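Listing of data-v1.pdb, PDB, C-alpha atoms
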```
ATOM      1  CA  MET A 257     130.830  84.778  86.649  1.00  0.00           C
ATOM      2  CA  SER A 258     132.913  87.508  88.151  1.00  0.00           C
ATOM      3  CA  ALA A 259     135.436  87.174  90.921  1.00  0.00           C
ATOM      4  CA  ARG A 260     133.927  86.756  94.379  1.00  0.00           C
ATOM      5  CA  ASN A 261     134.810  90.280  95.446  1.00  0.00           C
ATOM      6  CA  GLU A 262     133.130  92.075  92.540  1.00  0.00           C
ATOM      7  CA  THR A 263     129.740  93.803  92.531  1.00  0.00           C
ATOM      8  CA  PRO A 264     127.805  91.081  90.624  1.00  0.00           C
ATOM      9  CA  HIS A 265     128.794  88.484  93.206  1.00  0.00           C
ATOM     10  CA  THR A 266     127.714  90.798  96.028  1.00  0.00           C
ATOM     11  CA  VAL A 267     124.335  91.323  94.314  1.00  0.00           C
ATOM     12  CA  LEU A 268     123.876  87.557  93.978  1.00  0.00           C
ATOM     13  CA  LYS A 269     124.849  87.052  97.622  1.00  0.00           C
ATOM     14  CA  THR A 270     122.279  89.675  98.654  1.00  0.00           C
ATOM     15  CA  LEU A 271     119.635  87.840  96.616  1.00  0.00           C
ATOM     16  CA  GLY A 272     120.719  84.499  98.068  1.00  0.00           C
ATOM     17  CA  LEU A 273     121.358  83.065  94.586  1.00  0.00           C
ATOM     18  CA  LYS A 274     124.239  81.500  92.690  1.00  0.00           C
ATOM     19  CA  THR A 275     123.139  82.681  89.234  1.00  0.00           C
ATOM     20  CA  CYS A 276     120.503  84.892  87.625  1.00  0.00           C
ATOM     21  CA  ASN A 277     118.184  84.140  84.731  1.00  0.00           C
ATOM     22  CA  GLY A 278     119.372  84.869  81.213  1.00  0.00           C
ATOM     23  CA  SER A 279     116.332  86.832  80.038  1.00  0.00           C
ATOM     24  CA  TRP A 280     113.958  89.479  81.342  1.00  0.00           C
ATOM     25  CA  GLU A 281     111.014  87.192  80.599  1.00  0.00           C
ATOM     26  CA  ALA A 282     112.374  84.539  82.986  1.00  0.00           C
ATOM     27  CA  SER A 283     113.693  87.023  85.538  1.00  0.00           C
ATOM     28  CA  THR A 284     112.150  87.054  89.017  1.00  0.00           C
ATOM     29  CA  GLU A 285     115.036  88.596  90.957  1.00  0.00           C
ATOM     30  CA  ASN A 286     114.321  91.890  92.688  1.00  0.00           C
ATOM     31  CA  LEU A 287     116.306  94.160  95.015  1.00  0.00           C
ATOM     32  CA  THR A 288     114.828  96.850  97.205  1.00  0.00           C
ATOM     33  CA  ILE A 289     116.427 100.279  97.131  1.00  0.00           C
ATOM     34  CA  GLN A 290     117.704  99.580 100.664  1.00  0.00           C
ATOM     35  CA  GLN A 291     119.437  96.401  99.441  1.00  0.00           C
ATOM     36  CA  VAL A 292     121.001  98.392  96.579  1.00  0.00           C
ATOM     37  CA  ILE A 293     122.306 100.915  99.113  1.00  0.00           C
ATOM     38  CA  GLU A 294     123.683  98.094 101.298  1.00  0.00           C
ATOM     39  CA  VAL A 295     125.530  96.587  98.310  1.00  0.00           C
ATOM     40  CA  SER A 296     126.883 100.020  97.356  1.00  0.00           C
ATOM     41  CA  GLU A 297     128.154 100.562 100.906  1.00  0.00           C
ATOM     42  CA  THR A 298     129.762  97.105 100.946  1.00  0.00           C
ATOM     43  CA  LYS A 299     131.546  97.905  97.660  1.00  0.00           C
ATOM     44  CA  LYS A 300     132.274 101.533  98.606  1.00  0.00           C
ATOM     45  CA  ASP A 301     136.041 101.168  98.125  1.00  0.00           C
ATOM     46  CA  LYS A 302     135.678  99.620  94.651  1.00  0.00           C
ATOM     47  CA  LEU A 303     132.990 101.920  93.214  1.00  0.00           C
ATOM     48  CA  THR A 304     133.857 105.301  91.743  1.00  0.00           C
ATOM     49  CA  GLY A 305     130.810 107.308  92.840  1.00  0.00           C
ATOM     50  CA  ALA A 306     131.541 110.178  95.208  1.00  0.00           C
ATOM     51  CA  THR A 307     128.174 109.960  96.983  1.00  0.00           C
ATOM     52  CA  GLN A 308     126.002 107.150  98.300  1.00  0.00           C
ATOM     53  CA  LYS A 309     123.459 107.936  95.575  1.00  0.00           C
ATOM     54  CA  ALA A 310     126.097 107.792  92.818  1.00  0.00           C
ATOM     55  CA  ARG A 311     127.386 104.443  94.095  1.00  0.00           C
ATOM     56  CA  ALA A 312     123.827 103.077  94.250  1.00  0.00           C
ATOM     57  CA  LEU A 313     123.349 104.129  90.614  1.00  0.00           C
ATOM     58  CA  GLU A 314     126.483 102.130  89.731  1.00  0.00           C
ATOM     59  CA  VAL A 315     125.040  99.045  91.435  1.00  0.00           C
ATOM     60  CA  MET A 316     121.764  99.541  89.545  1.00  0.00           C
ATOM     61  CA  GLY A 317     123.776  99.699  86.332  1.00  0.00           C
ATOM     62  CA  THR A 318     125.190  96.286  87.212  1.00  0.00           C
ATOM     63  CA  CYS A 319     121.616  95.060  87.735  1.00  0.00           C
ATOM     64  CA  VAL A 320     120.829  95.935  84.095  1.00  0.00           C
ATOM     65  CA  SER A 321     123.240  93.337  82.740  1.00  0.00           C
ATOM     66  CA  MET A 322     122.290  90.849  85.470  1.00  0.00           C
ATOM     67  CA  ARG A 323     118.569  91.245  84.712  1.00  0.00           C
ATOM     68  CA  VAL A 324     117.710  92.035  88.320  1.00  0.00           C
ATOM     69  CA  SER A 325     114.789  94.383  88.989  1.00  0.00           C
ATOM     70  CA  VAL A 326     114.981  97.188  91.548  1.00  0.00           C
ATOM     71  CA  GLU A 327     111.819  97.963  93.530  1.00  0.00           C
ATOM     72  CA  GLY A 328     109.833  95.969  90.962  1.00  0.00           C
ATOM     73  CA  MET A 329     111.104  98.124  88.083  1.00  0.00           C
ATOM     74  CA  ARG A 330     113.635  97.346  85.429  1.00  0.00           C
ATOM     75  CA  PRO A 331     116.943  98.906  86.498  1.00  0.00           C
ATOM     76  CA  LYS A 332     116.894 101.647  83.850  1.00  0.00           C
ATOM     77  CA  GLU A 333     113.474 102.772  85.130  1.00  0.00           C
ATOM     78  CA  ALA A 334     114.762 102.657  88.723  1.00  0.00           C
ATOM     79  CA  ILE A 335     117.826 104.678  87.726  1.00  0.00           C
ATOM     80  CA  ALA A 336     115.534 107.314  86.191  1.00  0.00           C
ATOM     81  CA  ALA A 337     113.407 107.325  89.373  1.00  0.00           C
ATOM     82  CA  VAL A 338     116.499 107.829  91.567  1.00  0.00           C
ATOM     83  CA  LYS A 339     117.759 110.630  89.312  1.00  0.00           C
ATOM     84  CA  ASN A 340     114.265 112.162  89.498  1.00  0.00           C
ATOM     85  CA  GLY A 341     114.532 112.203  93.304  1.00  0.00           C
ATOM     86  CA  ASP A 342     111.853 109.568  93.984  1.00  0.00           C
ATOM     87  CA  PHE A 343     114.062 107.795  96.550  1.00  0.00           C
ATOM     88  CA  ASP A 344     115.934 110.774  98.004  1.00  0.00           C
ATOM     89  CA  SER A 345     114.627 110.001 101.498  1.00  0.00           C
ATOM     90  CA  GLN A 346     116.564 106.692 101.401  1.00  0.00           C
ATOM     91  CA  PHE A 347     119.967 108.318 100.846  1.00  0.00           C
ATOM     92  CA  ASN A 348     122.224 110.069 103.369  1.00  0.00           C
TER      93      ASN A 348
END
```

Let me see the structure of the file written as structure tokens.
Amino acid sequence: MSARNETPHTVLKTLGLKTCNGSWEASTENLTIQQVIEVSETKKDKLTGATQKARALEVMGTCVSMRVSVEGMRPKEAIAAVKNGDFDSQFN
């Protein structure tokens, strides 16, 4: 587990969990796009993205290795949806 001030810990805290499942088959964790944005804003000083959208994409990248879905999609699908503009109304 990462240090308490790193992005994975913040994702877990948002989910209200201490750990995530080790496989996609057992995974039930899910973040909404709004929760992803909230995590990215919390970690704003530690993430490298210049925009809110770029920082949210970084958080979604963390969700890949944590096996946490975003809006019911696997993170790579959610990343593609964000890049496609499907959630543009959610970003500043």

Take the PyMOL selection byres ((chain A and resi 278) around 12), apply it to the structure above, and return the hits as a PDB file with C-alpha atoms, keeping the file's coordinate frame.
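After the write, result20.pdb holds the following:
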```pdb
ATOM      1  CA  THR A 275     123.139  82.681  89.234  1.00  0.00           C
ATOM      2  CA  CYS A 276     120.503  84.892  87.625  1.00  0.00           C
ATOM      3  CA  ASN A 277     118.184  84.140  84.731  1.00  0.00           C
ATOM      4  CA  SER A 279     116.332  86.832  80.038  1.00  0.00           C
ATOM      5  CA  TRP A 280     113.958  89.479  81.342  1.00  0.00           C
ATOM      6  CA  GLU A 281     111.014  87.192  80.599  1.00  0.00           C
ATOM      7  CA  ALA A 282     112.374  84.539  82.986  1.00  0.00           C
ATOM      8  CA  SER A 283     113.693  87.023  85.538  1.00  0.00           C
ATOM      9  CA  THR A 284     112.150  87.054  89.017  1.00  0.00           C
ATOM     10  CA  GLU A 285     115.036  88.596  90.957  1.00  0.00           C
ATOM     11  CA  VAL A 320     120.829  95.935  84.095  1.00  0.00           C
ATOM     12  CA  SER A 321     123.240  93.337  82.740  1.00  0.00           C
ATOM     13  CA  MET A 322     122.290  90.849  85.470  1.00  0.00           C
ATOM     14  CA  ARG A 323     118.569  91.245  84.712  1.00  0.00           C
ATOM     15  CA  VAL A 324     117.710  92.035  88.320  1.00  0.00           C
TER      16      VAL A 324
END
```

Run the PyMOL selection byres ((chain A and resi 296) around 8) on the file and write out the hits as a PyMOL selection string.
-> chain A and resi 292-295+297-300+303+308+311-312+314-315

Do you know which residues the PyMOL selection byres ((chain A and resi 344) around 12) returns on this file, as number ranges by chain?
-> A: 289-290, 293, 308-310, 312, 337-343, 345-348

For Gly328 (chain A), list every protein, DNA or RNA residue within 9 Å, evaluated using only C-alpha atoms, and leave out those in the same chain fewer than 2 positions away; present the list as a PDB file with C-alpha atoms, in the coordinates of the input.
```pdb
ATOM      1  CA  ASN A 286     114.321  91.890  92.688  1.00  0.00           C
ATOM      2  CA  LEU A 287     116.306  94.160  95.015  1.00  0.00           C
ATOM      3  CA  THR A 288     114.828  96.850  97.205  1.00  0.00           C
ATOM      4  CA  SER A 325     114.789  94.383  88.989  1.00  0.00           C
ATOM      5  CA  VAL A 326     114.981  97.188  91.548  1.00  0.00           C
ATOM      6  CA  ARG A 330     113.635  97.346  85.429  1.00  0.00           C
ATOM      7  CA  PRO A 331     116.943  98.906  86.498  1.00  0.00           C
ATOM      8  CA  ALA A 334     114.762 102.657  88.723  1.00  0.00           C
TER       9      ALA A 334
END
```

Between CA of Leu273 (chain A) and CA of Ala306 (chain A), what is the spacing in Å?
->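 Going from CA of Ala306 (chain A) over to CA of Leu273 (chain A), I get 29.0 Å.
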
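Here CA of Lys332 (chain A) stands at a distance of 7.6 Å from CA of Gly317 (chain A).
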
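A straight line drawn from CA of Leu268 (chain A) to CA of Gly305 (chain A) is 21.0 Å long.
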
Six-sided padding of 3 Å per side, axis-aligned box over region 332-343 of chain A, centre and edges in Å, one decimal, as lines of an AutoDock Vina configuration file:
```
center_x = 114.8
center_y = 106.9
center_z = 90.2
size_x = 12.0
size_y = 16.6
size_z = 18.7
```

Using only C-alpha atoms, which of A:Gln291, A:Leu313, A:Thr307, A:Met329 sits nearest Thr266 (chain A)?
->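 Result for the nearest residue to Thr266 (chain A): A:Gln291.
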
Using the atoms already present, construct N, CA and C atoms for region 329-347 of chain A and hand them back as a PDB file, keeping the file's coordinate frame.
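Saved result, out-v8.pdb, follows:
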```pdb
ATOM      1  N   MET A 329     110.913  97.465  89.382  1.00  0.00           N
ATOM      2  CA  MET A 329     111.104  98.124  88.083  1.00  0.00           C
ATOM      3  C   MET A 329     112.350  97.561  87.412  1.00  0.00           C
ATOM      4  N   ARG A 330     112.387  97.668  86.107  1.00  0.00           N
ATOM      5  CA  ARG A 330     113.635  97.346  85.429  1.00  0.00           C
ATOM      6  C   ARG A 330     114.662  98.388  85.874  1.00  0.00           C
ATOM      7  N   PRO A 331     115.928  98.001  85.947  1.00  0.00           N
ATOM      8  CA  PRO A 331     116.943  98.906  86.498  1.00  0.00           C
ATOM      9  C   PRO A 331     117.005 100.279  85.828  1.00  0.00           C
ATOM     10  N   LYS A 332     116.835 100.341  84.516  1.00  0.00           N
ATOM     11  CA  LYS A 332     116.894 101.647  83.850  1.00  0.00           C
ATOM     12  C   LYS A 332     115.771 102.560  84.320  1.00  0.00           C
ATOM     13  N   GLU A 333     114.588 101.984  84.591  1.00  0.00           N
ATOM     14  CA  GLU A 333     113.474 102.772  85.130  1.00  0.00           C
ATOM     15  C   GLU A 333     113.781 103.217  86.555  1.00  0.00           C
ATOM     16  N   ALA A 334     114.397 102.320  87.348  1.00  0.00           N
ATOM     17  CA  ALA A 334     114.762 102.657  88.723  1.00  0.00           C
ATOM     18  C   ALA A 334     115.837 103.740  88.749  1.00  0.00           C
ATOM     19  N   ILE A 335     116.782 103.649  87.823  1.00  0.00           N
ATOM     20  CA  ILE A 335     117.826 104.678  87.726  1.00  0.00           C
ATOM     21  C   ILE A 335     117.179 106.038  87.440  1.00  0.00           C
ATOM     22  N   ALA A 336     116.229 106.065  86.512  1.00  0.00           N
ATOM     23  CA  ALA A 336     115.534 107.314  86.191  1.00  0.00           C
ATOM     24  C   ALA A 336     114.771 107.831  87.413  1.00  0.00           C
ATOM     25  N   ALA A 337     114.149 106.925  88.176  1.00  0.00           N
ATOM     26  CA  ALA A 337     113.407 107.325  89.373  1.00  0.00           C
ATOM     27  C   ALA A 337     114.348 107.919  90.421  1.00  0.00           C
ATOM     28  N   VAL A 338     115.521 107.302  90.603  1.00  0.00           N
ATOM     29  CA  VAL A 338     116.499 107.829  91.567  1.00  0.00           C
ATOM     30  C   VAL A 338     116.984 109.201  91.117  1.00  0.00           C
ATOM     31  N   LYS A 339     117.306 109.330  89.830  1.00  0.00           N
ATOM     32  CA  LYS A 339     117.759 110.630  89.312  1.00  0.00           C
ATOM     33  C   LYS A 339     116.674 111.689  89.434  1.00  0.00           C
ATOM     34  N   ASN A 340     115.406 111.257  89.378  1.00  0.00           N
ATOM     35  CA  ASN A 340     114.265 112.162  89.498  1.00  0.00           C
ATOM     36  C   ASN A 340     114.010 112.562  90.954  1.00  0.00           C
ATOM     37  N   GLY A 341     114.678 111.874  91.889  1.00  0.00           N
ATOM     38  CA  GLY A 341     114.532 112.203  93.304  1.00  0.00           C
ATOM     39  C   GLY A 341     113.479 111.391  94.028  1.00  0.00           C
ATOM     40  N   ASP A 342     112.920 110.364  93.379  1.00  0.00           N
ATOM     41  CA  ASP A 342     111.853 109.568  93.984  1.00  0.00           C
ATOM     42  C   ASP A 342     112.284 108.825  95.246  1.00  0.00           C
ATOM     43  N   PHE A 343     113.566 108.543  95.396  1.00  0.00           N
ATOM     44  CA  PHE A 343     114.062 107.795  96.550  1.00  0.00           C
ATOM     45  C   PHE A 343     115.014 108.617  97.404  1.00  0.00           C
ATOM     46  N   ASP A 344     114.983 109.921  97.267  1.00  0.00           N
ATOM     47  CA  ASP A 344     115.934 110.774  98.004  1.00  0.00           C
ATOM     48  C   ASP A 344     115.888 110.558  99.520  1.00  0.00           C
ATOM     49  N   SER A 345     114.733 110.206 100.050  1.00  0.00           N
ATOM     50  CA  SER A 345     114.627 110.001 101.498  1.00  0.00           C
ATOM     51  C   SER A 345     115.425 108.792 101.972  1.00  0.00           C
ATOM     52  N   GLN A 346     115.813 107.901 101.053  1.00  0.00           N
ATOM     53  CA  GLN A 346     116.564 106.692 101.401  1.00  0.00           C
ATOM     54  C   GLN A 346     118.076 106.947 101.492  1.00  0.00           C
ATOM     55  N   PHE A 347     118.529 108.036 100.911  1.00  0.00           N
ATOM     56  CA  PHE A 347     119.967 108.318 100.846  1.00  0.00           C
ATOM     57  C   PHE A 347     120.390 109.303 101.907  1.00  0.00           C
TER      58      PHE A 347
END
```
